[in-house]
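Okay, target10.tsv is below, TSV, C-alpha atoms:
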chain	number	residue	atom	x	y	z
A	384	MET	CA	5.50	19.14	-2.04
A	385	LYS	CA	2.16	17.68	-0.99
A	386	ILE	CA	2.67	14.33	0.68
A	387	ALA	CA	0.14	11.80	1.98
A	388	VAL	CA	1.34	9.23	4.51
A	389	ALA	CA	-0.85	6.17	5.10
A	390	GLY	CA	-0.34	4.87	8.66
A	391	THR	CA	0.78	6.65	11.83
A	392	GLY	CA	2.78	3.97	13.60
A	393	TYR	CA	6.52	4.32	14.22
A	394	VAL	CA	7.39	4.46	10.53
A	395	GLY	CA	4.46	6.57	9.33
A	396	LEU	CA	4.49	9.16	12.09
A	397	ALA	CA	8.28	9.56	12.06
A	398	ASN	CA	8.25	10.10	8.29
A	399	SER	CA	5.27	12.45	8.51
A	400	ILE	CA	7.04	14.68	11.02
A	401	LEU	CA	10.35	14.55	9.17
A	402	LEU	CA	8.70	15.59	5.88
A	403	ALA	CA	6.29	18.11	7.46
A	404	GLN	CA	9.19	20.39	8.36
A	405	ASN	CA	9.40	21.47	4.71
A	406	ASN	CA	6.30	20.06	3.00
A	407	GLU	CA	2.52	19.86	3.36
A	408	VAL	CA	1.86	16.46	4.90
A	409	HIS	CA	-1.44	14.66	5.51
A	410	ALA	CA	-1.13	11.62	7.80
A	411	ILE	CA	-3.93	9.09	7.37
A	412	ASP	CA	-5.05	6.57	9.97
A	413	ILE	CA	-8.19	4.51	10.65
A	414	ILE	CA	-8.22	5.12	14.42
A	415	PRO	CA	-10.04	8.36	15.37
A	416	GLU	CA	-8.26	8.68	18.73
A	417	LYS	CA	-4.81	8.68	17.06
A	418	VAL	CA	-5.87	11.27	14.51
A	419	GLU	CA	-7.22	13.53	17.25
A	420	MET	CA	-4.06	13.17	19.34
A	421	ILE	CA	-1.76	14.07	16.45
A	422	ASN	CA	-3.87	17.11	15.53
A	423	ASN	CA	-3.64	18.17	19.18
A	424	LYS	CA	0.16	17.76	18.99
A	425	ILE	CA	0.15	14.70	21.27
A	426	SER	CA	2.17	11.66	20.25
A	427	PRO	CA	0.18	8.39	20.24
A	428	ILE	CA	3.43	6.43	20.66
A	429	VAL	CA	6.32	6.67	23.11
A	430	ASP	CA	9.16	8.40	21.28
A	431	LYS	CA	11.10	11.33	22.76
A	432	GLU	CA	11.85	13.12	19.49
A	433	ILE	CA	8.35	12.64	18.08
A	434	THR	CA	6.88	14.19	21.22
A	435	GLU	CA	9.39	17.04	21.12
A	436	TYR	CA	8.85	17.86	17.43
A	437	LEU	CA	5.06	17.72	17.69
A	438	THR	CA	5.02	20.17	20.55
A	439	THR	CA	7.84	22.56	19.62
A	440	LYS	CA	8.30	22.58	15.84
A	441	ASP	CA	6.30	24.46	13.23
A	442	LEU	CA	5.07	21.47	11.25
A	443	ASN	CA	2.74	21.57	8.25
A	444	LEU	CA	1.08	18.34	9.39
A	445	THR	CA	-2.58	17.36	9.48
A	446	ALA	CA	-3.90	13.95	10.52
A	447	THR	CA	-7.09	12.66	8.95
A	448	LEU	CA	-9.35	9.62	8.72
A	449	ASP	CA	-10.17	10.35	5.08
A	450	GLY	CA	-7.25	9.69	2.79
A	451	ARG	CA	-9.05	10.04	-0.51
A	452	ASP	CA	-8.68	13.79	-0.75
A	453	ALA	CA	-5.06	13.63	0.40
A	454	TYR	CA	-4.18	10.93	-2.14
A	455	LYS	CA	-5.80	12.86	-4.98
A	456	GLU	CA	-3.74	16.01	-4.37
A	457	ALA	CA	-0.44	14.39	-3.41
A	458	ASP	CA	2.89	14.51	-5.21
A	459	TYR	CA	4.07	11.53	-3.14
A	460	ILE	CA	2.02	8.88	-1.33
A	461	VAL	CA	3.96	7.06	1.38
A	462	ILE	CA	2.49	3.73	2.54
A	463	ALA	CA	3.61	2.84	6.06
A	464	THR	CA	0.89	0.42	7.14
A	465	PRO	CA	1.70	-2.68	9.24
A	466	THR	CA	2.58	-5.99	7.58
A	467	ASN	CA	2.47	-8.85	10.06
A	468	TYR	CA	3.88	-12.31	9.40
A	469	ASN	CA	1.18	-14.91	8.76
A	470	GLU	CA	2.33	-18.20	10.28
A	471	GLU	CA	-0.25	-20.25	8.34
A	472	GLN	CA	0.55	-18.76	4.93
A	473	ASN	CA	4.28	-18.58	5.74
A	474	PHE	CA	4.31	-15.07	4.30
A	475	PHE	CA	3.81	-11.42	5.19
A	476	ASP	CA	0.21	-10.27	5.27
A	477	THR	CA	0.40	-7.32	2.88
A	478	SER	CA	-3.37	-6.72	2.74
A	479	SER	CA	-3.02	-3.33	4.48
A	480	ILE	CA	-0.81	-2.08	1.65
A	481	GLU	CA	-3.22	-3.30	-1.01
A	482	SER	CA	-6.16	-1.68	0.81
A	483	VAL	CA	-4.42	1.67	0.42
A	484	LEU	CA	-3.50	0.96	-3.21
A	485	ASP	CA	-7.11	0.07	-4.00
A	486	ILE	CA	-8.25	3.46	-2.69
A	487	VAL	CA	-5.47	5.27	-4.55
A	488	LYS	CA	-6.49	3.46	-7.73
A	489	GLU	CA	-10.11	4.51	-7.28
A	490	VAL	CA	-9.15	8.12	-6.60
A	491	GLY	CA	-6.82	8.38	-9.57
A	492	THR	CA	-3.51	10.18	-9.16
A	493	ASN	CA	-0.16	10.78	-10.80
A	494	ALA	CA	1.62	10.67	-7.45
A	495	THR	CA	4.74	8.59	-6.92
A	496	ILE	CA	3.76	5.83	-4.49
A	497	VAL	CA	6.48	4.90	-1.99
A	498	ILE	CA	6.03	1.69	-0.01
A	499	LYS	CA	7.73	2.05	3.40
A	500	SER	CA	6.17	-1.04	4.98
A	501	THR	CA	8.37	-4.12	5.29
A	502	ILE	CA	7.55	-6.55	2.47
A	503	PRO	CA	8.72	-9.89	1.05
A	504	VAL	CA	11.51	-10.03	-1.52
A	505	GLY	CA	9.92	-9.60	-4.93
A	506	TYR	CA	6.75	-7.88	-3.70
A	507	THR	CA	7.26	-4.48	-5.37
A	508	LEU	CA	7.57	-5.95	-8.86
A	509	SER	CA	4.59	-8.23	-8.26
A	510	ILE	CA	2.40	-5.37	-7.05
A	511	ARG	CA	3.48	-3.20	-9.96
A	512	GLU	CA	2.31	-6.00	-12.21
A	513	LYS	CA	-0.98	-6.41	-10.32
A	514	TYR	CA	-1.83	-2.73	-10.79
A	515	LYS	CA	-0.19	-2.36	-14.21
A	516	ASP	CA	-3.36	-1.05	-15.84
A	517	SER	CA	-3.66	1.85	-13.37
A	518	ILE	CA	-1.05	2.93	-10.79
A	519	GLY	CA	1.48	0.08	-11.04
A	520	SER	CA	4.13	2.07	-12.90
A	521	GLN	CA	4.14	4.69	-10.11
A	522	ILE	CA	5.11	2.31	-7.26
A	523	ILE	CA	8.60	2.25	-5.72
A	524	PHE	CA	10.00	0.94	-2.41
A	525	SER	CA	12.10	2.58	0.28
A	526	PRO	CA	13.09	0.43	3.28
A	527	GLU	CA	13.05	1.98	6.74
A	528	PHE	CA	15.89	1.49	9.23
A	529	LEU	CA	14.72	2.69	12.62
A	530	ARG	CA	14.64	1.58	16.22
A	531	GLU	CA	11.58	1.40	18.41
A	532	GLY	CA	11.40	4.49	20.61
A	533	LYS	CA	14.03	6.21	18.42
A	534	ALA	CA	12.04	6.32	15.18
A	535	LEU	CA	12.28	10.03	14.46
A	536	TYR	CA	15.85	10.25	15.74
A	537	ASP	CA	16.86	7.55	13.26
A	538	ASN	CA	15.21	9.56	10.47
A	539	LEU	CA	16.96	12.74	11.57
A	540	TYR	CA	20.30	10.90	11.70
A	541	PRO	CA	19.85	8.06	9.19
A	542	SER	CA	22.53	5.44	8.65
A	543	ARG	CA	21.59	5.43	4.95
A	544	ILE	CA	18.73	6.15	2.59
A	545	ILE	CA	17.79	3.46	0.09
A	546	VAL	CA	15.17	3.73	-2.63
A	547	GLY	CA	14.25	0.78	-4.83
A	548	VAL	CA	13.08	1.67	-8.34
A	549	PRO	CA	13.22	-0.08	-11.73
A	550	LYS	CA	16.35	1.35	-13.33
A	551	TYR	CA	14.89	1.23	-16.85
A	552	ASP	CA	12.33	3.94	-15.98
A	553	ALA	CA	14.45	7.11	-16.09
A	554	GLU	CA	11.57	9.42	-15.14
A	555	LEU	CA	10.66	7.31	-12.10
A	556	VAL	CA	14.32	7.14	-11.08
A	557	LYS	CA	14.33	10.95	-10.96
A	558	LYS	CA	11.24	10.90	-8.75
A	559	ALA	CA	12.90	8.31	-6.50
A	560	GLU	CA	15.96	10.56	-6.22
A	561	GLY	CA	13.58	13.45	-5.44
A	562	PHE	CA	12.05	11.45	-2.60
A	563	ALA	CA	15.51	10.69	-1.18
A	564	ASP	CA	16.27	14.43	-1.35
A	565	LEU	CA	13.08	15.20	0.63
A	566	LEU	CA	14.24	12.81	3.37
A	567	LYS	CA	17.68	14.43	3.41
A	568	GLN	CA	16.12	17.88	3.55
A	569	GLY	CA	14.33	17.00	6.79
A	570	ALA	CA	17.35	15.29	8.37
A	571	ILE	CA	19.91	16.91	10.66
A	572	LYS	CA	22.77	14.62	9.66
A	573	GLU	CA	24.77	15.69	6.62
A	574	ASP	CA	26.50	13.60	3.95
A	575	ILE	CA	23.96	10.78	4.17
A	576	LYS	CA	24.87	7.76	2.07
A	577	THR	CA	22.16	7.15	-0.51
A	578	LEU	CA	21.56	4.12	-2.72
A	579	ILE	CA	19.17	4.05	-5.66
A	580	ILE	CA	18.90	0.36	-6.51
A	581	ASN	CA	16.41	-2.08	-7.98
A	582	PRO	CA	13.34	-2.68	-5.76
A	583	THR	CA	13.91	-6.40	-5.23
A	584	GLU	CA	17.44	-5.80	-4.02
A	585	ALA	CA	16.15	-3.02	-1.73
A	586	GLU	CA	13.63	-5.47	-0.22
A	587	ALA	CA	16.43	-7.98	0.34
A	588	VAL	CA	18.59	-5.33	2.04
A	589	LYS	CA	15.90	-4.74	4.68
A	590	LEU	CA	15.34	-8.42	5.50
A	591	PHE	CA	19.02	-9.39	5.45
A	592	ALA	CA	19.98	-6.40	7.63
A	593	ASN	CA	17.39	-7.22	10.30
A	594	THR	CA	18.23	-10.92	10.18
A	595	TYR	CA	21.89	-10.08	10.75
A	596	LEU	CA	20.91	-8.05	13.82
A	597	ALA	CA	18.77	-10.97	15.04
A	598	MET	CA	21.77	-13.24	14.52
A	599	ARG	CA	23.92	-10.94	16.65
A	600	VAL	CA	21.31	-10.91	19.43
A	601	SER	CA	21.08	-14.70	19.27
A	602	TYR	CA	24.86	-15.09	19.28
A	603	PHE	CA	25.40	-13.14	22.48
A	604	ASN	CA	22.37	-14.80	24.06
A	605	GLU	CA	23.89	-18.23	23.36
A	606	LEU	CA	27.20	-17.01	24.75
A	607	ASP	CA	25.31	-16.01	27.89
A	608	THR	CA	23.49	-19.35	28.08
A	609	TYR	CA	26.83	-21.15	27.93
A	610	ALA	CA	28.39	-18.93	30.60
A	611	GLU	CA	25.38	-19.21	32.89
A	612	LEU	CA	25.28	-23.02	32.78
A	613	LYS	CA	29.07	-23.35	33.10
A	614	GLY	CA	29.30	-20.88	35.98
A	615	LEU	CA	31.34	-18.35	34.02
A	616	ASN	CA	31.26	-14.55	33.99
A	617	THR	CA	29.27	-13.50	30.92
A	618	MET	CA	30.39	-9.87	31.05
A	619	GLU	CA	34.10	-10.71	31.06
A	620	ILE	CA	33.70	-13.00	28.06
A	621	ILE	CA	31.66	-10.45	26.10
A	622	GLU	CA	34.13	-7.67	26.87
A	623	GLY	CA	37.03	-9.82	25.73
A	624	VAL	CA	35.25	-10.80	22.52
A	625	GLY	CA	34.15	-7.21	21.84
A	626	LEU	CA	37.71	-5.86	22.02
A	627	ASP	CA	38.21	-7.34	18.59
A	628	PRO	CA	37.47	-4.29	16.37
A	629	ARG	CA	35.89	-6.57	13.77
A	630	ILE	CA	33.23	-7.47	16.38
A	631	GLY	CA	32.93	-4.36	18.55
A	632	ASP	CA	31.07	-3.71	21.79
A	633	HIS	CA	27.59	-2.90	20.42
A	634	TYR	CA	24.38	-4.93	20.24
A	635	ASN	CA	25.80	-7.38	22.76
A	636	ASN	CA	23.63	-7.15	25.90
A	637	PRO	CA	21.95	-10.50	26.68
A	638	SER	CA	18.17	-10.66	26.82
A	639	PHE	CA	15.30	-13.14	26.87
A	640	GLY	CA	15.43	-13.19	23.05
A	641	TYR	CA	14.79	-10.80	20.20
A	642	GLY	CA	11.25	-9.52	19.71
A	643	GLY	CA	9.27	-6.41	18.86
A	644	TYR	CA	7.93	-5.05	15.59
A	645	CYS	CA	10.63	-6.18	13.17
A	646	LEU	CA	13.07	-8.94	13.99
A	647	PRO	CA	10.64	-11.86	14.61
A	648	LYS	CA	8.63	-11.30	11.44
A	649	ASP	CA	11.54	-10.27	9.23
A	650	THR	CA	13.63	-13.33	10.08
A	651	LYS	CA	10.70	-15.66	9.40
A	652	GLN	CA	9.89	-13.89	6.15
A	653	LEU	CA	13.49	-14.14	4.96
A	654	LEU	CA	13.50	-17.84	5.85
A	655	ALA	CA	10.29	-18.26	3.81
A	656	ASN	CA	11.99	-16.49	0.89
A	657	PHE	CA	14.79	-19.05	1.15
A	658	THR	CA	12.44	-21.87	0.10
A	659	GLY	CA	14.34	-23.88	-2.50
A	660	VAL	CA	17.63	-22.15	-1.63
A	661	PRO	CA	20.22	-24.05	0.45
A	662	ASN	CA	20.62	-22.49	3.88
A	663	ASP	CA	21.58	-23.29	7.46
A	664	ILE	CA	22.25	-19.96	9.15
A	665	VAL	CA	18.90	-18.23	8.58
A	666	LYS	CA	16.93	-21.21	9.90
A	667	ALA	CA	19.29	-21.46	12.87
A	668	ILE	CA	18.67	-17.80	13.77
A	669	VAL	CA	14.91	-18.39	13.93
A	670	ASP	CA	15.37	-21.63	15.92
A	671	ALA	CA	17.94	-20.10	18.28
A	672	ASN	CA	15.48	-17.49	19.50
A	673	HIS	CA	13.00	-20.18	20.55
A	674	THR	CA	15.79	-22.17	22.23
A	675	ARG	CA	16.84	-19.10	24.22
A	676	LYS	CA	13.32	-18.54	25.53
A	677	LYS	CA	13.06	-22.21	26.54
A	678	HIS	CA	16.31	-21.84	28.45
A	679	ILE	CA	15.03	-18.76	30.28
A	680	ALA	CA	11.84	-20.58	31.28
A	681	HIS	CA	13.85	-23.61	32.46
A	682	GLN	CA	16.08	-21.45	34.65
A	683	VAL	CA	13.06	-19.80	36.26
A	684	LEU	CA	11.32	-23.14	36.84
A	685	ALA	CA	14.47	-24.42	38.55
A	686	ARG	CA	13.68	-21.99	41.40
A	687	CYS	CA	10.37	-23.80	41.97
A	688	PRO	CA	8.19	-20.68	42.17
A	689	LYS	CA	4.43	-20.81	42.68
A	690	VAL	CA	3.94	-17.23	41.48
A	691	VAL	CA	6.18	-15.53	38.93
A	692	GLY	CA	5.97	-11.77	38.66
A	693	VAL	CA	6.57	-10.34	35.20
A	694	TYR	CA	8.16	-6.90	35.35
A	695	ARG	CA	7.13	-5.14	32.15
A	696	LEU	CA	5.89	-6.70	28.95
A	697	THR	CA	7.60	-4.06	26.82
A	698	MET	CA	10.65	-4.90	24.74
A	699	LYS	CA	12.72	-1.88	25.71
A	700	SER	CA	13.03	0.87	28.28
A	701	ASP	CA	10.90	3.96	27.62
A	702	SER	CA	8.59	2.04	25.30
A	703	ASP	CA	4.90	1.15	25.24
A	704	ASN	CA	5.21	-1.63	22.67
A	705	PHE	CA	5.11	-5.28	23.67
A	706	ARG	CA	4.09	-6.83	20.36
A	707	GLN	CA	5.99	-10.12	19.98
A	708	SER	CA	8.04	-9.35	23.10
A	709	SER	CA	10.15	-12.34	24.07
A	710	ILE	CA	8.89	-12.30	27.65
A	711	GLN	CA	5.41	-13.28	26.45
A	712	SER	CA	6.74	-16.58	25.10
A	713	VAL	CA	8.47	-17.20	28.42
A	714	ILE	CA	5.16	-16.54	30.21
A	715	LYS	CA	3.38	-19.17	28.11
A	716	MET	CA	6.09	-21.74	28.85
A	717	LEU	CA	5.86	-21.05	32.58
A	718	LYS	CA	2.06	-21.29	32.55
A	719	ASN	CA	2.27	-24.61	30.70
A	720	ASN	CA	4.25	-25.85	33.70
A	721	GLY	CA	1.59	-24.82	36.20
A	722	VAL	CA	3.10	-21.54	37.38
A	723	ASP	CA	0.80	-18.62	38.28
A	724	ILE	CA	1.66	-15.30	36.64
A	725	VAL	CA	1.17	-11.72	37.87
A	726	ILE	CA	2.17	-8.75	35.73
A	727	TYR	CA	3.39	-5.25	36.43
A	728	GLU	CA	2.96	-3.14	33.30
A	729	PRO	CA	2.16	0.58	33.81
A	730	THR	CA	1.03	1.02	30.19
A	731	LEU	CA	-1.85	-1.45	30.65
A	732	LYS	CA	-5.23	-0.09	31.72
A	733	GLU	CA	-6.85	-3.53	31.88
A	734	GLU	CA	-7.04	-5.66	35.04
A	735	THR	CA	-5.80	-8.76	33.22
A	736	PHE	CA	-3.55	-9.59	30.27
A	737	ASP	CA	-4.13	-12.87	28.43
A	738	GLY	CA	-5.89	-14.19	31.52
A	739	ASP	CA	-3.16	-13.18	33.97
A	740	LYS	CA	-3.65	-10.66	36.77
A	741	VAL	CA	-2.22	-7.18	36.28
A	742	ILE	CA	-1.09	-5.59	39.55
A	743	LYS	CA	-0.98	-1.79	39.37
A	744	ASP	CA	0.75	-1.23	42.72
A	745	PHE	CA	4.49	-1.88	42.36
A	746	GLU	CA	5.08	-2.75	46.02
A	747	GLU	CA	2.18	-5.19	46.03
A	748	PHE	CA	3.54	-6.76	42.85
A	749	LYS	CA	6.95	-7.31	44.40
A	750	LYS	CA	5.44	-8.72	47.58
A	751	ASN	CA	3.18	-11.20	45.77
A	752	SER	CA	5.92	-12.62	43.51
A	753	ASP	CA	8.12	-15.58	44.45
A	754	VAL	CA	10.37	-14.86	41.46
A	755	ILE	CA	10.41	-11.70	39.35
A	756	ILE	CA	11.52	-11.92	35.73
A	757	ALA	CA	12.68	-8.77	33.93
A	758	ASN	CA	13.96	-8.65	30.38
A	759	ARG	CA	15.43	-5.24	31.24
A	760	PHE	CA	16.59	-4.22	34.72
A	761	GLU	CA	15.42	-0.94	36.24
A	762	ALA	CA	16.38	0.79	39.48
A	763	GLY	CA	13.06	0.02	41.20
A	764	LEU	CA	14.07	-3.65	41.36
A	765	GLU	CA	17.16	-3.06	43.52
A	766	ASP	CA	15.41	-4.07	46.74
A	767	VAL	CA	14.22	-7.45	45.38
A	768	LYS	CA	17.42	-8.69	43.79
A	769	GLU	CA	17.11	-11.97	45.66
A	770	LYS	CA	13.84	-12.61	43.81
A	771	LEU	CA	14.97	-11.25	40.46
A	772	TYR	CA	15.88	-13.22	37.35
A	773	THR	CA	17.28	-11.14	34.47
A	774	ARG	CA	20.05	-11.52	31.93
A	775	ASP	CA	20.43	-7.75	31.49
A	776	ILE	CA	24.08	-7.61	32.52
A	777	TYR	CA	24.78	-4.10	31.22
A	778	PHE	CA	21.54	-2.55	32.52
A	779	ARG	CA	20.72	-1.08	29.11
A	780	ASP	CA	18.75	-1.96	26.00
Can I see the file as structure tokens?
Amino acid sequence: MKIAVAGTGYVGLANSILLAQNNEVHAIDIIPEKVEMINNKISPIVDKEITEYLTTKDLNLTATLDGRDAYKEADYIVIATPTNYNEEQNFFDTSSIESVLDIVKEVGTNATIVIKSTIPVGYTLSIREKYKDSIGSQIIFSPEFLREGKALYDNLYPSRIIVGVPKYDAELVKKAEGFADLLKQGAIKEDIKTLIINPTEAEAVKLFANTYLAMRVSYFNELDTYAELKGLNTMEIIEGVGLDPRIGDHYNNPSFGYGGYCLPKDTKQLLANFTGVPNDIVKAIVDANHTRKKHIAHQVLARCPKVVGVYRLTMKSDSDNFRQSSIQSVIKMLKNNGVDIVIYEPTLKEETFDGDKVIKDFEEFKKNSDVIIANRFEAGLEDVKEKLYTRDIYFRD
């Protein structure tokens, strides 16, 4: 198959590499540096398996700035462009998807168009209607379930594959099943559970799944807040709770709050989709994350620091992403209370971040900080434990 993938972020690049093991794949991006890196077999994002596969596997993969030619020749066009949540519109900004669709429409193609970007519930049917006179009938949706820093791994060993397609279109259903087979063909895991369902239900699966995960993060964070303020041992409580097999011992490590690419925007989008529908839990999940970050800031302020050192802006270990990281909200709260901030973040080349000084030398950073906050503990902080504030009780993501 000839496949064009629009976007080379976590979703786009992971899918490009997965599919390029057995197909001719053209990955399209608008950033020249990323295109050059991929063509030189260098990963533009931090991901162990992506780096490994780019350098060691025989992939039929070409990155390009010009998608028109790739779209024209493709059997499948995968759209994996970013969709950020727009706070003012109370909705996902899906303009990046429509920019690709506009080009595809101009080019003219019979390709099956697979949206992989996260979208609001009901978007696929609405966009099929918008483009009904051209490419609308070719559009389907396939949600992505991956973790930051483990994007390709989660495609090689997927929990499930879901494709959303109007069931009344038998020919398109076959093409949707064909796309699922292409994903399976590139995977290492066998016997992958596959669902071919209606697109609106597939959209809901993605948002409800991520909101459940956000709820679990928030639950254990509130457990930790309670234990911290009552002088109890958080770990003992979590271990006792987790022994119940219905709950389990996963996704339970306290943090400064959920953040990153997916959970903040997906929870807010689901809440927006609940307009007119009675709900308490979904709104509480969104509110609980803000409450947790306020608690973290309050606990740090209680130490009366003049200078707070921020150890890493990234959400997770072995990551270079700090978009919507919870620690950034904590920083703003501390600054609003007159605290000076210094930052240690090896992935930053700049001397400042959002007006705060970035210290490149780790020892100098530790010396200059009255209190050091770390969403995730790392071994280099052992010698400053008396300065350290973290809720990372298991020392893992």
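When only C-alpha atoms are used to compute distances to A:Val725, the closest of the residues A:Phe705, A:Phe778, A:Tyr540, A:Tyr694 turns out to be A:Tyr694.
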Residues within 8 Å of A:Ser399, all atoms listed in the file, excluding chain neighbours under 3 positions, as a PyMOL selection string = chain A and resi 388+395-396+402-403+408-410+444
Using all atoms listed in the file, give me every residue within 8 Å of (21.7, 9.7, 11.0) in file coordinates, as a PyMOL selection string.
-> chain A and resi 536-543+570-572+575
Students should find that atom CA of A:Val394 and atom CA of A:Ala655 are spaced 23.9 Å
Interatomic distance, atom CA of A:Asp723 to atom CA of A:Tyr772 (Å, one decimal) | 16.0 Å
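For the pair atom CA of A:Leu442 and atom CA of A:Asn405, the separation is 7.8 Å.
Residue nearest A:Val767 within the list A:Gln707, A:Gly692, A:Phe736, A:Ser712: A:Gly692 [criterion: smallest interatomic distance, all atoms listed in the file].
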Quick one: residues within 9 Å of stretch 445-460 of chain A, all atoms listed in the file, excluding same-chain residues fewer than 4 positions away - as a PDB file with C-alpha atoms, keeping the file's coordinate frame?
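The resulting file, result-v9.pdb, is reproduced below:
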ATOM      1  CA  MET A 384       5.500  19.140  -2.040  1.00  0.00           C
ATOM      2  CA  LYS A 385       2.160  17.680  -0.990  1.00  0.00           C
ATOM      3  CA  ILE A 386       2.670  14.330   0.680  1.00  0.00           C
ATOM      4  CA  ALA A 387       0.140  11.800   1.980  1.00  0.00           C
ATOM      5  CA  VAL A 388       1.340   9.230   4.510  1.00  0.00           C
ATOM      6  CA  ALA A 389      -0.850   6.170   5.100  1.00  0.00           C
ATOM      7  CA  THR A 391       0.780   6.650  11.830  1.00  0.00           C
ATOM      8  CA  GLU A 407       2.520  19.860   3.360  1.00  0.00           C
ATOM      9  CA  VAL A 408       1.860  16.460   4.900  1.00  0.00           C
ATOM     10  CA  HIS A 409      -1.440  14.660   5.510  1.00  0.00           C
ATOM     11  CA  ALA A 410      -1.130  11.620   7.800  1.00  0.00           C
ATOM     12  CA  ILE A 411      -3.930   9.090   7.370  1.00  0.00           C
ATOM     13  CA  ASP A 412      -5.050   6.570   9.970  1.00  0.00           C
ATOM     14  CA  ILE A 413      -8.190   4.510  10.650  1.00  0.00           C
ATOM     15  CA  ILE A 414      -8.220   5.120  14.420  1.00  0.00           C
ATOM     16  CA  PRO A 415     -10.040   8.360  15.370  1.00  0.00           C
ATOM     17  CA  LYS A 417      -4.810   8.680  17.060  1.00  0.00           C
ATOM     18  CA  VAL A 418      -5.870  11.270  14.510  1.00  0.00           C
ATOM     19  CA  GLU A 419      -7.220  13.530  17.250  1.00  0.00           C
ATOM     20  CA  MET A 420      -4.060  13.170  19.340  1.00  0.00           C
ATOM     21  CA  ILE A 421      -1.760  14.070  16.450  1.00  0.00           C
ATOM     22  CA  ASN A 422      -3.870  17.110  15.530  1.00  0.00           C
ATOM     23  CA  VAL A 483      -4.420   1.670   0.420  1.00  0.00           C
ATOM     24  CA  ILE A 486      -8.250   3.460  -2.690  1.00  0.00           C
ATOM     25  CA  VAL A 487      -5.470   5.270  -4.550  1.00  0.00           C
ATOM     26  CA  GLU A 489     -10.110   4.510  -7.280  1.00  0.00           C
ATOM     27  CA  VAL A 490      -9.150   8.120  -6.600  1.00  0.00           C
ATOM     28  CA  GLY A 491      -6.820   8.380  -9.570  1.00  0.00           C
ATOM     29  CA  THR A 492      -3.510  10.180  -9.160  1.00  0.00           C
ATOM     30  CA  ASN A 493      -0.160  10.780 -10.800  1.00  0.00           C
ATOM     31  CA  ALA A 494       1.620  10.670  -7.450  1.00  0.00           C
ATOM     32  CA  THR A 495       4.740   8.590  -6.920  1.00  0.00           C
ATOM     33  CA  ILE A 496       3.760   5.830  -4.490  1.00  0.00           C
ATOM     34  CA  VAL A 497       6.480   4.900  -1.990  1.00  0.00           C
ATOM     35  CA  ILE A 498       6.030   1.690  -0.010  1.00  0.00           C
ATOM     36  CA  PHE A 562      12.050  11.450  -2.600  1.00  0.00           C
TER      37      PHE A 562
END
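Surrounding residues of (2.3, 1.2, 39.3) at most 8 Å away are A:Tyr727, A:Glu728, A:Pro729, A:Ile742, A:Lys743, A:Asp744, A:Phe745 (based on only C-alpha atoms).
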Please produce a file of the residues just selected, as a short mmCIF file (atom, residue, chain, number, x, y, z; two decimals), keeping the file's coordinate frame, where the atoms kept are C-alpha atoms.
data_model
loop_
_atom_site.label_atom_id
_atom_site.label_comp_id
_atom_site.auth_asym_id
_atom_site.auth_seq_id
_atom_site.Cartn_x
_atom_site.Cartn_y
_atom_site.Cartn_z
CA TYR A 727 3.39 -5.25 36.43
CA GLU A 728 2.96 -3.14 33.30
CA PRO A 729 2.16 0.58 33.81
CA ILE A 742 -1.09 -5.59 39.55
CA LYS A 743 -0.98 -1.79 39.37
CA ASP A 744 0.75 -1.23 42.72
CA PHE A 745 4.49 -1.88 42.36
#
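Shortest atom-to-atom contact with A:Gln404 among A:Ile510, A:Leu590, A:Leu566, A:Ile462: A:Leu566, counting all atoms listed in the file.
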Starting from the incomplete input, reconstruct N, CA, C and O atoms of stretch 435-441 of chain A and write that as a PDB file, in the frame of the given file.
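Output below, filename rebuild38.pdb:
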ATOM      1  N   GLU A 435       8.745  15.720  21.135  1.00  0.00           N
ATOM      2  CA  GLU A 435       9.390  17.040  21.120  1.00  0.00           C
ATOM      3  C   GLU A 435       9.023  17.813  19.855  1.00  0.00           C
ATOM      4  O   GLU A 435       8.662  18.996  19.906  1.00  0.00           O
ATOM      5  N   TYR A 436       9.105  17.172  18.700  1.00  0.00           N
ATOM      6  CA  TYR A 436       8.850  17.860  17.430  1.00  0.00           C
ATOM      7  C   TYR A 436       7.374  18.238  17.285  1.00  0.00           C
ATOM      8  O   TYR A 436       7.056  19.305  16.743  1.00  0.00           O
ATOM      9  N   LEU A 437       6.476  17.385  17.767  1.00  0.00           N
ATOM     10  CA  LEU A 437       5.060  17.720  17.690  1.00  0.00           C
ATOM     11  C   LEU A 437       4.726  18.959  18.501  1.00  0.00           C
ATOM     12  O   LEU A 437       3.901  19.785  18.100  1.00  0.00           O
ATOM     13  N   THR A 438       5.375  19.076  19.639  1.00  0.00           N
ATOM     14  CA  THR A 438       5.020  20.170  20.550  1.00  0.00           C
ATOM     15  C   THR A 438       5.810  21.458  20.319  1.00  0.00           C
ATOM     16  O   THR A 438       5.342  22.535  20.675  1.00  0.00           O
ATOM     17  N   THR A 439       6.992  21.369  19.706  1.00  0.00           N
ATOM     18  CA  THR A 439       7.840  22.560  19.620  1.00  0.00           C
ATOM     19  C   THR A 439       8.129  23.036  18.203  1.00  0.00           C
ATOM     20  O   THR A 439       8.541  24.180  18.021  1.00  0.00           O
ATOM     21  N   LYS A 440       7.932  22.198  17.205  1.00  0.00           N
ATOM     22  CA  LYS A 440       8.300  22.580  15.840  1.00  0.00           C
ATOM     23  C   LYS A 440       7.081  23.080  15.055  1.00  0.00           C
ATOM     24  O   LYS A 440       5.946  22.664  15.309  1.00  0.00           O
ATOM     25  N   ASP A 441       7.353  23.941  14.104  1.00  0.00           N
ATOM     26  CA  ASP A 441       6.300  24.460  13.230  1.00  0.00           C
ATOM     27  C   ASP A 441       6.132  23.498  12.060  1.00  0.00           C
ATOM     28  O   ASP A 441       6.806  23.623  11.027  1.00  0.00           O
TER      29      ASP A 441
END
